[in-house]
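Taking it in order: structure first as structure tokens, then the write-up.
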Amino acid sequence: MIWLAWRRRRGAVIATAAAVLVAGALLFLTGRSMWNTFHDGGLAACIEGLGGARWVPVSGGCQDEAQAFAARFLPMRLLGLALFTFVPMVVGMFWGAPAIARELEDDTVSLVWTQGVSRRRWAWTQLAFATVVTAAAMGVFTWIATWWYGPLNAATGDRFQWLIYDQQGLVPVGYAVFATLLAAFLGATTGRTVRAMAITAVGFIAVRFGVAVFWRPRFMSGLERAYPVVTTRVPNRLLGDWLYGGGGPGVGVVMRANGERAAGGQRVCPPTDPACFADIGRDAFNLELFHPASRFWTFQSIETALFLALALVLAAATVWWVRKRLT
Amino acid sequence: MTAALETTGLSKRYGRTWALRDCTLAVPHGRVAAVVGPNGAGKTTLMRLAVGLRRPTRGSVAVFGRAPRDHPASLARIGFVAQETPLYRDLTVADHLEMGRRLNGHAWDRPSARERLAKLSIPLDRRADELSGGQRAQVALTIALAKRPDLLVLDEPVASLDPLARRTFLSELMGEVAARELTVLLSSHLIADLEHRCDYLVILSDSRVQVLGDVDDLLATHRVLVGAADGTTPARGIVSSHATDRQRTLVVRSDADTPTPPGWVAEPISLEDLVLAYLSEPDAGVLPGPEGPS
């Protein structure tokens, strides 16, 4: 059974491996130049010098160096965003959709279902093969992408941010496996490869969006951090905490001393500039709701497990459909 | 003895359309049964139900006494060649044989499969999408036969073949039938191909069984009567009637002992004429009753 899956799709396996190789080579070359600049430009040493401090002086904390670095590699980062966001979906779609649907379209099921294997075994093998290939391809790709993001993560502190978090660590593999089995399920139920791909795109984006925006912030309860508006030290943004509450990504709220919300965002005023805080009072404070950077891998694990569980449910549903409904 | 294939009230509905209704039949072991009927009469549905690819909406189907869908083991006794003889496009002929060996275990008869293909000079390293229609059909038949089935189900296997390839295919098939105890269910709308090859006939019409029986019995109980266009027609047993300006041709149910009505000339009937007579008159039918064909 596995032999048949391999024999039928070895061309696609080789094409996938080649695509990973090419993408990996491009990431390696651009990533190496980023890493070199990161070290040679002194940013690495500067961050090292902070020693992971939670608080840094208002006009210190390597911010100028980090901003210069981030600005220089901004095009690279945007390119990465554009490219990587849809890679798990595309890989999963191309491996999952034909797994069952192609055989229904060509009616080769009437050949293979009348041999000496059960439909159950046939279906599980089809799914397992597609899943293993996508997981392996995505695993290698994500491993390189995670390394590639290293300097950008350090220079921006937004490894935990929406869309950046989604492209490194473990989650891309979970997304790809989910996309594969979603596409396989839709392929089995619609019997059409192309239609399954189209619906997969819609469903995948909807689920990904829903989980990322509405569920991910609630994986664990967030921490609160308050510090005065009139201050000389601020939280170290390069640590990579995820500020998800308040007025928007990466933004907290400014509170009056009596606990009323004054504005969104952050305000930092030197004690020597009363005009800066005249409207909200000297005792106003910044409030941030955040997940500390140390939770990154916990969140990655939770989200990956969530998508793998969804994938497993879809796999079981696909096998059930093949056995009971394709009549 | 259990029939090779037995159906009782077998019905299949797709959405709101009945593809097959109340089909009750039994094909005895060792017979070559032809399933004929117009397009859409339910031939493919009957065959797919017989090999477990479809599940009945109502009624039951049994192959050697067991429902093929619920007993994967009985699949091992069935060889099936689907319409359009689907094969894996990218796989070579040798790959298909290897697939059969891996999926069927020790029942798989590799030497005879290779021998068959060699005899037909079908190259083993040729990809399925590079084969001609006739070669594809032969490869599909070879895979079905290499399982050493007791029941072979062939859905329009020769529909897309040229006359020569058709003859080769059918004589190959008949050779296999002669060589071993094998029951065959074969559908075709090329009735001439079935003559002298089938000994059991199933005519499906409008999703129902119209005629069912032993070919020899059916031929013995039907005759063609030719007479004047304005002659008096016999009162009973007319299946079909066709008239030209001068002459009328009837297909009637009557055995050799029945006297020929005056003014008519009786001729023996061919299988093709018999089938066409019933296909042109969907309301006429022969089903086995308590006293055989009535």
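Ligands are numbered from 1 in the order shown, residues from 1 within each chain, and chains are lettered A, B, ... in the order they appear in the structure tokens.
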Show me, as a PDB file with N, CA and C atoms, in the first residue's frame, the residues that have an atom within 8 Å of Ala263 in chain A when counting only C-alpha atoms, minus same-chain residues fewer than 5 positions from it.
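Full text of out-v6.pdb as output:
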```pdb
ATOM      1  N   VAL A 253      -2.019  50.722  27.137  1.00  0.00           N
ATOM      2  CA  VAL A 253      -2.900  51.873  27.354  1.00  0.00           C
ATOM      3  C   VAL A 253      -2.266  52.813  28.369  1.00  0.00           C
ATOM      4  N   VAL A 254      -2.650  54.065  28.281  1.00  0.00           N
ATOM      5  CA  VAL A 254      -2.181  55.058  29.245  1.00  0.00           C
ATOM      6  C   VAL A 254      -3.331  55.328  30.204  1.00  0.00           C
ATOM      7  N   MET A 255      -3.062  55.188  31.502  1.00  0.00           N
ATOM      8  CA  MET A 255      -4.114  55.310  32.513  1.00  0.00           C
ATOM      9  C   MET A 255      -3.844  56.530  33.387  1.00  0.00           C
TER      10      MET A 255
END
```
Per-residue nearest contacts chain B to chain A, cut-off 7 Å, using only C-alpha atoms, as a tab-separated table:
```
residue	atom	partner	partner_atom	distance
B:Leu53	CA	A:Thr327	CA	6.3
B:Arg54	CA	A:Thr327	CA	4.2
B:Arg55	CA	A:Thr327	CA	5.4
B:Pro72	CA	A:Ser118	CA	6.2
B:Leu75	CA	A:Thr114	CA	6.2
B:Ala76	CA	A:Gly116	CA	5.5
B:Phe80	CA	A:Thr114	CA	6.7
B:Ala82	CA	A:Ser110	CA	6.5
B:Pro86	CA	A:Thr108	CA	5.4
B:Leu87	CA	A:Thr108	CA	6.0
B:Tyr88	CA	A:Thr108	CA	6.5
B:Asp90	CA	A:Arg8	CA	6.7
B:Leu91	CA	A:Arg8	CA	6.7
B:Met99	CA	A:Leu4	CA	6.4
B:Leu103	CA	A:Gly116	CA	5.4
B:Asn104	CA	A:Gly116	CA	4.7
```
Residues from last step as file, C-alpha atoms, as a PDB file, in the first residue's frame:
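This is the output file part14.pdb:
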```pdb
ATOM      1  CA  LEU B  53     -18.104  -0.466  -4.797  1.00  0.00           C
ATOM      2  CA  ARG B  54     -21.642   0.672  -4.060  1.00  0.00           C
ATOM      3  CA  ARG B  55     -23.917  -0.026  -1.156  1.00  0.00           C
ATOM      4  CA  PRO B  72     -13.379  -7.798   2.256  1.00  0.00           C
ATOM      5  CA  LEU B  75     -13.431  -9.251  -2.617  1.00  0.00           C
ATOM      6  CA  ALA B  76     -10.544 -11.625  -3.094  1.00  0.00           C
ATOM      7  CA  PHE B  80     -13.503  -6.457 -11.663  1.00  0.00           C
ATOM      8  CA  ALA B  82     -14.558  -1.087 -14.658  1.00  0.00           C
ATOM      9  CA  PRO B  86      -9.106   2.765 -15.326  1.00  0.00           C
ATOM     10  CA  LEU B  87      -5.397   2.306 -14.651  1.00  0.00           C
ATOM     11  CA  TYR B  88      -2.891   4.529 -12.865  1.00  0.00           C
ATOM     12  CA  ASP B  90       1.857   7.292 -14.442  1.00  0.00           C
ATOM     13  CA  LEU B  91       2.482   3.674 -13.570  1.00  0.00           C
ATOM     14  CA  MET B  99       0.609  -3.427  -7.174  1.00  0.00           C
ATOM     15  CA  LEU B 103      -2.342  -5.872  -2.549  1.00  0.00           C
ATOM     16  CA  ASN B 104      -3.505  -9.439  -3.066  1.00  0.00           C
TER      17      ASN B 104
END
```
Next on the checklist: Excluding Arg136 in chain B and its own-chain neighbours fewer than 6 positions away, which residues fall within 12 Å of it when counting only C-alpha atoms? Please give them as number ranges by chain.
Outcome noted: B: 81-89, 92-93, 96, 117, 120, 122-124, 126-130, 142-143, 157-158, 160-161, 165, 169
For the selection you just gave me, I'd like the residues written to a file as a CSV table (one decimal), in the first residue's frame, keeping N, CA, C and O atoms.
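Contents of the output file result29.csv:
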```csv
chain,number,residue,atom,x,y,z
B,81,VAL,N,-13.4,-5.4,-13.8
B,81,VAL,CA,-12.8,-4.4,-14.8
B,81,VAL,C,-13.9,-3.4,-15.0
B,81,VAL,O,-15.0,-3.7,-15.5
B,82,ALA,N,-13.6,-2.2,-14.6
B,82,ALA,CA,-14.6,-1.1,-14.7
B,82,ALA,C,-14.6,-0.5,-16.1
B,82,ALA,O,-13.7,-0.7,-16.9
B,83,GLN,N,-15.7,0.2,-16.3
B,83,GLN,CA,-15.9,0.9,-17.6
B,83,GLN,C,-14.7,1.8,-17.8
B,83,GLN,O,-14.2,2.4,-16.8
B,84,GLU,N,-14.3,2.0,-19.0
B,84,GLU,CA,-13.1,2.8,-19.4
B,84,GLU,C,-11.8,2.2,-18.8
B,84,GLU,O,-10.8,2.9,-18.9
B,85,THR,N,-11.9,1.0,-18.3
B,85,THR,CA,-10.7,0.3,-17.7
B,85,THR,C,-9.7,1.2,-17.1
B,85,THR,O,-8.6,1.4,-17.6
B,86,PRO,N,-10.0,1.8,-16.0
B,86,PRO,CA,-9.1,2.8,-15.3
B,86,PRO,C,-7.8,2.1,-14.9
B,86,PRO,O,-7.9,1.0,-14.3
B,87,LEU,N,-6.7,2.7,-15.2
B,87,LEU,CA,-5.4,2.3,-14.7
B,87,LEU,C,-4.7,3.6,-14.1
B,87,LEU,O,-5.1,4.7,-14.4
B,88,TYR,N,-3.6,3.4,-13.3
B,88,TYR,CA,-2.9,4.5,-12.9
B,88,TYR,C,-2.0,5.0,-14.0
B,88,TYR,O,-1.1,4.4,-14.4
B,89,ARG,N,-2.4,6.2,-14.5
B,89,ARG,CA,-1.7,6.8,-15.6
B,89,ARG,C,-0.2,6.8,-15.6
B,89,ARG,O,0.4,6.4,-16.6
B,92,THR,N,3.7,2.1,-14.8
B,92,THR,CA,4.0,1.2,-16.0
B,92,THR,C,3.1,-0.1,-15.8
B,92,THR,O,2.5,-0.3,-14.7
B,93,VAL,N,3.1,-0.9,-16.8
B,93,VAL,CA,2.4,-2.2,-16.8
B,93,VAL,C,3.0,-3.0,-15.6
B,93,VAL,O,2.2,-3.6,-14.8
B,96,HIS,N,1.8,-2.0,-12.3
B,96,HIS,CA,0.4,-2.5,-12.0
B,96,HIS,C,0.4,-3.9,-11.5
B,96,HIS,O,-0.3,-4.3,-10.6
B,117,LEU,N,0.5,-11.2,-20.9
B,117,LEU,CA,1.0,-9.9,-21.5
B,117,LEU,C,2.0,-10.1,-22.5
B,117,LEU,O,2.0,-9.5,-23.6
B,120,LEU,N,0.4,-11.2,-25.7
B,120,LEU,CA,-0.3,-10.1,-26.3
B,120,LEU,C,0.7,-9.0,-26.8
B,120,LEU,O,0.3,-8.0,-27.2
B,122,ILE,N,2.4,-6.9,-25.0
B,122,ILE,CA,2.3,-5.6,-24.3
B,122,ILE,C,3.5,-5.4,-23.5
B,122,ILE,O,3.8,-6.2,-22.6
B,123,PRO,N,4.3,-4.4,-23.8
B,123,PRO,CA,5.6,-4.2,-23.1
B,123,PRO,C,5.3,-3.8,-21.6
B,123,PRO,O,4.5,-2.9,-21.3
B,124,LEU,N,6.1,-4.4,-20.7
B,124,LEU,CA,5.9,-4.2,-19.3
B,124,LEU,C,6.4,-2.9,-18.8
B,124,LEU,O,5.9,-2.4,-17.8
B,126,ARG,N,6.0,-0.1,-20.4
B,126,ARG,CA,5.1,1.0,-21.0
B,126,ARG,C,4.2,1.6,-19.9
B,126,ARG,O,3.7,0.9,-19.1
B,127,ARG,N,4.2,3.0,-19.9
B,127,ARG,CA,3.2,3.6,-18.9
B,127,ARG,C,1.8,3.4,-19.4
B,127,ARG,O,1.5,3.4,-20.6
B,128,ALA,N,0.9,3.4,-18.4
B,128,ALA,CA,-0.5,3.1,-18.7
B,128,ALA,C,-1.1,4.1,-19.7
B,128,ALA,O,-1.9,3.8,-20.6
B,129,ASP,N,-0.6,5.4,-19.6
B,129,ASP,CA,-1.2,6.4,-20.5
B,129,ASP,C,-0.6,6.3,-21.9
B,129,ASP,O,-1.0,7.1,-22.8
B,130,GLU,N,0.4,5.4,-22.1
B,130,GLU,CA,0.9,5.3,-23.4
B,130,GLU,C,0.3,4.0,-24.1
B,130,GLU,O,0.8,3.7,-25.2
B,142,THR,N,-6.0,-8.6,-17.3
B,142,THR,CA,-4.9,-9.4,-16.7
B,142,THR,C,-4.8,-9.3,-15.2
B,142,THR,O,-4.7,-10.2,-14.5
B,143,ILE,N,-5.0,-8.0,-14.7
B,143,ILE,CA,-4.9,-7.8,-13.3
B,143,ILE,C,-6.1,-8.5,-12.6
B,143,ILE,O,-6.0,-9.2,-11.6
B,157,PRO,N,-16.3,-3.8,-21.2
B,157,PRO,CA,-14.9,-3.8,-21.3
B,157,PRO,C,-14.5,-3.5,-22.8
B,157,PRO,O,-13.3,-3.1,-23.0
B,158,VAL,N,-15.4,-3.8,-23.7
B,158,VAL,CA,-14.9,-3.7,-25.1
B,158,VAL,C,-15.5,-2.4,-25.8
B,158,VAL,O,-15.3,-2.2,-27.0
B,160,SER,N,-14.8,0.6,-26.0
B,160,SER,CA,-14.0,1.6,-26.7
B,160,SER,C,-13.0,0.9,-27.7
B,160,SER,O,-12.1,1.6,-28.1
B,161,LEU,N,-13.2,-0.3,-27.9
B,161,LEU,CA,-12.2,-1.0,-28.7
B,161,LEU,C,-12.7,-1.2,-30.2
B,161,LEU,O,-13.9,-1.2,-30.4
B,165,ALA,N,-9.7,-5.6,-31.9
B,165,ALA,CA,-9.3,-5.7,-30.5
B,165,ALA,C,-10.4,-6.3,-29.7
B,165,ALA,O,-10.1,-7.0,-28.7
B,169,PHE,N,-10.0,-9.5,-27.4
B,169,PHE,CA,-10.3,-9.5,-26.0
B,169,PHE,C,-11.3,-10.5,-25.6
B,169,PHE,O,-11.1,-11.3,-24.6
```
Would you give me, as a compact mmCIF listing (two decimals) with all heavy atoms, in the first residue's frame, the residues in range 201-268 of chain B that DSSP reads as strand (DSSP E)?
```txt
# COMPACT_ATOMS: atom_id res chain seq x y z
N LEU B 201 -28.67 -14.61 -19.76
CA LEU B 201 -28.97 -13.26 -20.25
C LEU B 201 -29.77 -12.47 -19.21
O LEU B 201 -30.73 -12.97 -18.63
CB LEU B 201 -29.78 -13.35 -21.56
CG LEU B 201 -30.18 -12.02 -22.20
CD1 LEU B 201 -28.95 -11.31 -22.77
CD2 LEU B 201 -31.21 -12.24 -23.30
N VAL B 202 -29.33 -11.22 -19.00
CA VAL B 202 -30.08 -10.29 -18.15
C VAL B 202 -30.31 -9.04 -18.99
O VAL B 202 -29.36 -8.42 -19.44
CB VAL B 202 -29.27 -9.90 -16.89
CG1 VAL B 202 -30.07 -8.94 -16.03
CG2 VAL B 202 -28.85 -11.13 -16.11
N ILE B 203 -31.57 -8.72 -19.25
CA ILE B 203 -31.85 -7.45 -19.94
C ILE B 203 -32.38 -6.47 -18.91
O ILE B 203 -33.36 -6.75 -18.22
CB ILE B 203 -32.87 -7.63 -21.09
CG1 ILE B 203 -32.35 -8.64 -22.12
CG2 ILE B 203 -33.15 -6.29 -21.76
CD1 ILE B 203 -33.27 -8.82 -23.31
N LEU B 204 -31.71 -5.33 -18.81
CA LEU B 204 -32.17 -4.27 -17.91
C LEU B 204 -32.79 -3.18 -18.76
O LEU B 204 -32.30 -2.86 -19.83
CB LEU B 204 -31.00 -3.67 -17.13
CG LEU B 204 -30.35 -4.53 -16.06
CD1 LEU B 204 -29.21 -3.75 -15.43
CD2 LEU B 204 -31.36 -4.92 -14.99
N SER B 205 -33.89 -2.65 -18.26
CA SER B 205 -34.53 -1.57 -18.98
C SER B 205 -35.15 -0.64 -17.96
O SER B 205 -35.86 -1.09 -17.06
CB SER B 205 -35.58 -2.16 -19.91
OG SER B 205 -36.43 -1.15 -20.37
N ARG B 208 -34.95 -1.57 -14.34
CA ARG B 208 -35.56 -2.81 -13.86
C ARG B 208 -35.08 -3.99 -14.70
O ARG B 208 -34.69 -3.82 -15.85
CB ARG B 208 -37.08 -2.73 -13.97
CG ARG B 208 -37.71 -1.80 -12.98
CD ARG B 208 -39.20 -1.70 -13.26
NE ARG B 208 -39.80 -0.64 -12.47
CZ ARG B 208 -40.19 -0.80 -11.21
NH1 ARG B 208 -40.05 -1.96 -10.61
NH2 ARG B 208 -40.72 0.20 -10.55
N VAL B 209 -35.18 -5.18 -14.12
CA VAL B 209 -34.88 -6.37 -14.89
C VAL B 209 -36.07 -6.67 -15.79
O VAL B 209 -37.20 -6.79 -15.33
CB VAL B 209 -34.61 -7.58 -13.97
CG1 VAL B 209 -34.33 -8.82 -14.80
CG2 VAL B 209 -33.46 -7.29 -13.03
N GLN B 210 -35.79 -6.77 -17.09
CA GLN B 210 -36.87 -7.02 -18.04
C GLN B 210 -36.90 -8.49 -18.46
O GLN B 210 -37.96 -9.09 -18.55
CB GLN B 210 -36.69 -6.12 -19.26
CG GLN B 210 -37.85 -6.15 -20.23
CD GLN B 210 -37.53 -5.41 -21.51
OE1 GLN B 210 -36.42 -4.98 -21.72
NE2 GLN B 210 -38.54 -5.28 -22.36
N VAL B 211 -35.74 -9.04 -18.73
CA VAL B 211 -35.65 -10.43 -19.15
C VAL B 211 -34.52 -11.07 -18.38
O VAL B 211 -33.49 -10.45 -18.14
CB VAL B 211 -35.37 -10.54 -20.67
CG1 VAL B 211 -35.13 -11.98 -21.08
CG2 VAL B 211 -36.50 -9.92 -21.47
N LEU B 212 -34.75 -12.31 -17.99
CA LEU B 212 -33.74 -13.01 -17.20
C LEU B 212 -33.85 -14.48 -17.53
O LEU B 212 -34.93 -15.05 -17.49
CB LEU B 212 -34.05 -12.78 -15.71
CG LEU B 212 -33.15 -13.41 -14.68
CD1 LEU B 212 -31.76 -12.82 -14.78
CD2 LEU B 212 -33.72 -13.18 -13.29
N GLY B 213 -32.76 -15.08 -17.90
CA GLY B 213 -32.86 -16.52 -18.13
C GLY B 213 -31.70 -17.10 -18.89
O GLY B 213 -30.80 -16.39 -19.37
N ASP B 214 -31.74 -18.41 -19.00
CA ASP B 214 -30.76 -19.18 -19.74
C ASP B 214 -30.90 -18.87 -21.23
O ASP B 214 -32.01 -18.86 -21.76
CB ASP B 214 -31.06 -20.65 -19.47
CG ASP B 214 -29.97 -21.54 -20.00
OD1 ASP B 214 -29.97 -21.80 -21.22
OD2 ASP B 214 -29.13 -21.95 -19.20
N HIS B 222 -38.58 -18.64 -28.19
CA HIS B 222 -38.95 -17.48 -29.00
C HIS B 222 -38.71 -17.80 -30.47
O HIS B 222 -37.79 -18.53 -30.82
CB HIS B 222 -38.10 -16.26 -28.62
CG HIS B 222 -38.46 -15.68 -27.28
ND1 HIS B 222 -38.07 -16.24 -26.11
CD2 HIS B 222 -39.22 -14.60 -26.94
CE1 HIS B 222 -38.54 -15.54 -25.08
NE2 HIS B 222 -39.25 -14.53 -25.58
N ARG B 223 -39.58 -17.24 -31.34
CA ARG B 223 -39.39 -17.43 -32.77
C ARG B 223 -39.71 -16.14 -33.51
O ARG B 223 -40.41 -15.27 -32.99
CB ARG B 223 -40.29 -18.56 -33.29
CG ARG B 223 -39.67 -19.93 -33.02
CD ARG B 223 -40.41 -21.02 -33.69
NE ARG B 223 -41.77 -21.13 -33.18
CZ ARG B 223 -42.71 -21.87 -33.74
NH1 ARG B 223 -42.46 -22.56 -34.84
NH2 ARG B 223 -43.91 -21.94 -33.22
N VAL B 224 -39.18 -16.07 -34.71
CA VAL B 224 -39.51 -14.95 -35.57
C VAL B 224 -40.58 -15.43 -36.54
O VAL B 224 -40.43 -16.50 -37.14
CB VAL B 224 -38.27 -14.46 -36.34
CG1 VAL B 224 -38.65 -13.32 -37.29
CG2 VAL B 224 -37.18 -14.02 -35.37
N LEU B 225 -41.65 -14.69 -36.69
CA LEU B 225 -42.69 -15.02 -37.67
C LEU B 225 -42.70 -13.92 -38.71
O LEU B 225 -42.71 -12.73 -38.39
CB LEU B 225 -44.07 -15.09 -37.00
CG LEU B 225 -44.30 -16.19 -35.97
CD1 LEU B 225 -45.75 -16.16 -35.50
CD2 LEU B 225 -43.97 -17.57 -36.55
N VAL B 226 -42.68 -14.35 -39.99
CA VAL B 226 -42.71 -13.39 -41.08
C VAL B 226 -43.98 -13.65 -41.88
O VAL B 226 -44.27 -14.81 -42.23
CB VAL B 226 -41.47 -13.51 -41.99
CG1 VAL B 226 -41.52 -12.46 -43.09
CG2 VAL B 226 -40.20 -13.36 -41.15
N GLY B 227 -44.76 -12.61 -42.17
CA GLY B 227 -46.00 -12.78 -42.93
C GLY B 227 -46.34 -11.51 -43.67
O GLY B 227 -45.59 -10.53 -43.64
N ALA B 228 -47.50 -11.56 -44.31
CA ALA B 228 -47.95 -10.39 -45.07
C ALA B 228 -48.29 -9.26 -44.10
O ALA B 228 -48.70 -9.50 -42.97
CB ALA B 228 -49.19 -10.74 -45.89
N ILE B 238 -47.05 -12.13 -28.49
CA ILE B 238 -46.26 -11.25 -29.34
C ILE B 238 -45.37 -10.35 -28.48
O ILE B 238 -45.84 -9.69 -27.55
CB ILE B 238 -47.17 -10.37 -30.22
CG1 ILE B 238 -47.97 -11.26 -31.16
CG2 ILE B 238 -46.34 -9.36 -31.01
CD1 ILE B 238 -48.91 -10.51 -32.04
N VAL B 239 -44.07 -10.38 -28.77
CA VAL B 239 -43.14 -9.52 -28.05
C VAL B 239 -42.99 -8.20 -28.79
O VAL B 239 -43.12 -7.13 -28.22
CB VAL B 239 -41.77 -10.20 -27.89
CG1 VAL B 239 -40.78 -9.24 -27.23
CG2 VAL B 239 -41.90 -11.48 -27.07
N SER B 240 -42.72 -8.31 -30.09
CA SER B 240 -42.59 -7.08 -30.87
C SER B 240 -43.11 -7.32 -32.26
O SER B 240 -43.23 -8.47 -32.72
CB SER B 240 -41.12 -6.65 -30.93
OG SER B 240 -40.41 -7.52 -31.78
N SER B 241 -43.43 -6.24 -32.91
CA SER B 241 -44.02 -6.33 -34.24
C SER B 241 -43.52 -5.17 -35.07
O SER B 241 -43.58 -4.01 -34.63
CB SER B 241 -45.55 -6.26 -34.09
OG SER B 241 -46.14 -5.99 -35.35
N HIS B 242 -42.95 -5.50 -36.24
CA HIS B 242 -42.47 -4.43 -37.12
C HIS B 242 -42.99 -4.69 -38.52
O HIS B 242 -42.92 -5.81 -39.02
CB HIS B 242 -40.94 -4.42 -37.15
CG HIS B 242 -40.37 -3.96 -35.86
ND1 HIS B 242 -40.30 -2.65 -35.48
CD2 HIS B 242 -39.87 -4.67 -34.81
CE1 HIS B 242 -39.78 -2.56 -34.28
NE2 HIS B 242 -39.52 -3.78 -33.85
N ALA B 243 -43.52 -3.65 -39.15
CA ALA B 243 -44.10 -3.84 -40.48
C ALA B 243 -43.45 -2.90 -41.48
O ALA B 243 -43.13 -1.76 -41.16
CB ALA B 243 -45.60 -3.59 -40.44
N GLN B 247 -44.54 -6.47 -45.69
CA GLN B 247 -44.26 -7.62 -44.84
C GLN B 247 -44.22 -7.22 -43.37
O GLN B 247 -43.80 -6.12 -43.03
CB GLN B 247 -42.91 -8.19 -45.31
CG GLN B 247 -42.23 -9.11 -44.37
CD GLN B 247 -40.96 -9.65 -45.03
OE1 GLN B 247 -40.97 -10.13 -46.16
NE2 GLN B 247 -39.87 -9.55 -44.31
N ARG B 248 -44.70 -8.13 -42.54
CA ARG B 248 -44.67 -7.88 -41.11
C ARG B 248 -43.79 -8.93 -40.45
O ARG B 248 -43.84 -10.11 -40.80
CB ARG B 248 -46.09 -7.95 -40.55
CG ARG B 248 -46.18 -7.67 -39.05
CD ARG B 248 -47.61 -7.64 -38.59
NE ARG B 248 -48.34 -6.48 -39.10
CZ ARG B 248 -48.33 -5.28 -38.53
NH1 ARG B 248 -47.64 -5.07 -37.43
NH2 ARG B 248 -49.02 -4.28 -39.05
N THR B 249 -42.95 -8.47 -39.49
CA THR B 249 -42.07 -9.39 -38.77
C THR B 249 -42.45 -9.35 -37.29
O THR B 249 -42.50 -8.28 -36.70
CB THR B 249 -40.59 -8.98 -38.93
OG1 THR B 249 -40.31 -8.83 -40.31
CG2 THR B 249 -39.67 -10.01 -38.32
N LEU B 250 -42.72 -10.52 -36.76
CA LEU B 250 -43.08 -10.61 -35.35
C LEU B 250 -42.04 -11.40 -34.59
O LEU B 250 -41.45 -12.34 -35.13
CB LEU B 250 -44.42 -11.33 -35.18
CG LEU B 250 -45.64 -10.81 -35.91
CD1 LEU B 250 -46.82 -11.76 -35.65
CD2 LEU B 250 -45.98 -9.41 -35.48
N VAL B 251 -41.81 -11.00 -33.36
CA VAL B 251 -41.07 -11.88 -32.45
C VAL B 251 -42.10 -12.38 -31.44
O VAL B 251 -42.78 -11.58 -30.80
CB VAL B 251 -39.93 -11.13 -31.74
CG1 VAL B 251 -39.33 -12.01 -30.65
CG2 VAL B 251 -38.88 -10.72 -32.75
N VAL B 252 -42.24 -13.71 -31.40
CA VAL B 252 -43.27 -14.26 -30.53
C VAL B 252 -42.67 -15.27 -29.57
O VAL B 252 -41.62 -15.85 -29.83
CB VAL B 252 -44.39 -14.96 -31.33
CG1 VAL B 252 -45.15 -13.96 -32.18
CG2 VAL B 252 -43.83 -16.09 -32.18
N ARG B 253 -43.36 -15.42 -28.47
CA ARG B 253 -42.98 -16.44 -27.51
C ARG B 253 -43.71 -17.72 -27.88
O ARG B 253 -44.95 -17.74 -27.89
CB ARG B 253 -43.40 -16.00 -26.12
CG ARG B 253 -42.34 -16.13 -25.08
CD ARG B 253 -42.77 -15.49 -23.81
NE ARG B 253 -42.81 -14.04 -23.93
CZ ARG B 253 -43.56 -13.27 -23.16
NH1 ARG B 253 -44.35 -13.80 -22.25
NH2 ARG B 253 -43.54 -11.96 -23.30
N TRP B 264 -48.08 -17.56 -41.96
CA TRP B 264 -46.83 -17.07 -41.38
C TRP B 264 -45.72 -18.09 -41.60
O TRP B 264 -45.97 -19.28 -41.66
CB TRP B 264 -46.97 -16.80 -39.89
CG TRP B 264 -47.94 -15.68 -39.60
CD1 TRP B 264 -49.28 -15.79 -39.44
CD2 TRP B 264 -47.62 -14.31 -39.48
NE1 TRP B 264 -49.84 -14.58 -39.22
CE2 TRP B 264 -48.84 -13.62 -39.23
CE3 TRP B 264 -46.44 -13.56 -39.56
CZ2 TRP B 264 -48.90 -12.24 -39.07
CZ3 TRP B 264 -46.50 -12.20 -39.37
CH2 TRP B 264 -47.72 -11.53 -39.14
N VAL B 265 -44.51 -17.60 -41.72
CA VAL B 265 -43.35 -18.47 -41.83
C VAL B 265 -42.53 -18.30 -40.55
O VAL B 265 -42.22 -17.17 -40.16
CB VAL B 265 -42.48 -18.10 -43.05
CG1 VAL B 265 -41.23 -18.99 -43.11
CG2 VAL B 265 -43.30 -18.22 -44.33
N ALA B 266 -42.22 -19.40 -39.90
CA ALA B 266 -41.48 -19.33 -38.64
C ALA B 266 -39.99 -19.51 -38.88
O ALA B 266 -39.58 -20.33 -39.70
CB ALA B 266 -41.98 -20.41 -37.69
N GLU B 267 -39.20 -18.72 -38.19
CA GLU B 267 -37.75 -18.86 -38.28
C GLU B 267 -37.18 -18.89 -36.87
O GLU B 267 -37.74 -18.25 -35.98
CB GLU B 267 -37.14 -17.66 -39.02
CG GLU B 267 -37.46 -17.62 -40.50
CD GLU B 267 -37.05 -16.28 -41.12
OE1 GLU B 267 -36.42 -15.45 -40.42
OE2 GLU B 267 -37.37 -16.07 -42.31
N PRO B 268 -36.05 -19.59 -36.68
CA PRO B 268 -35.43 -19.52 -35.36
C PRO B 268 -34.92 -18.10 -35.10
O PRO B 268 -34.64 -17.35 -36.04
CB PRO B 268 -34.27 -20.51 -35.44
CG PRO B 268 -34.16 -20.94 -36.84
CD PRO B 268 -35.32 -20.43 -37.63
```
Item to check | Residue neighbourhood range 46-61 of chain A, 9 Å, only C-alpha atoms, exclusion window fewer than 2 positions, as a list in words | outcome: Gly42, Leu43, Ala44, Gln63, Asp64, Glu65, Ala66, Ala154, Ala155, Thr231, Thr232, Arg233, Val234, Pro235, Asn236, Arg237, Leu238, Leu239, Val268 and Pro270 of chain A
Next on the checklist: To test your reading of the structure, identify every residue in range 144-229 of chain B that backbone DSSP assigns to helix (DSSP H, G or I), and report it as a ChimeraX atom specification.
Outcome noted: /B:144-146,163-179,191-194,215-220
Checklist entry - Which polymer residues have any atom within 12 Å of an atom of Thr17 in chain B, counting only C-alpha atoms, with same-chain residues fewer than 3 positions away left out, as JSON, numbers by chain? => result {"B": [11, 12, 13, 14, 20, 21, 40, 41, 42, 57, 206, 207]}
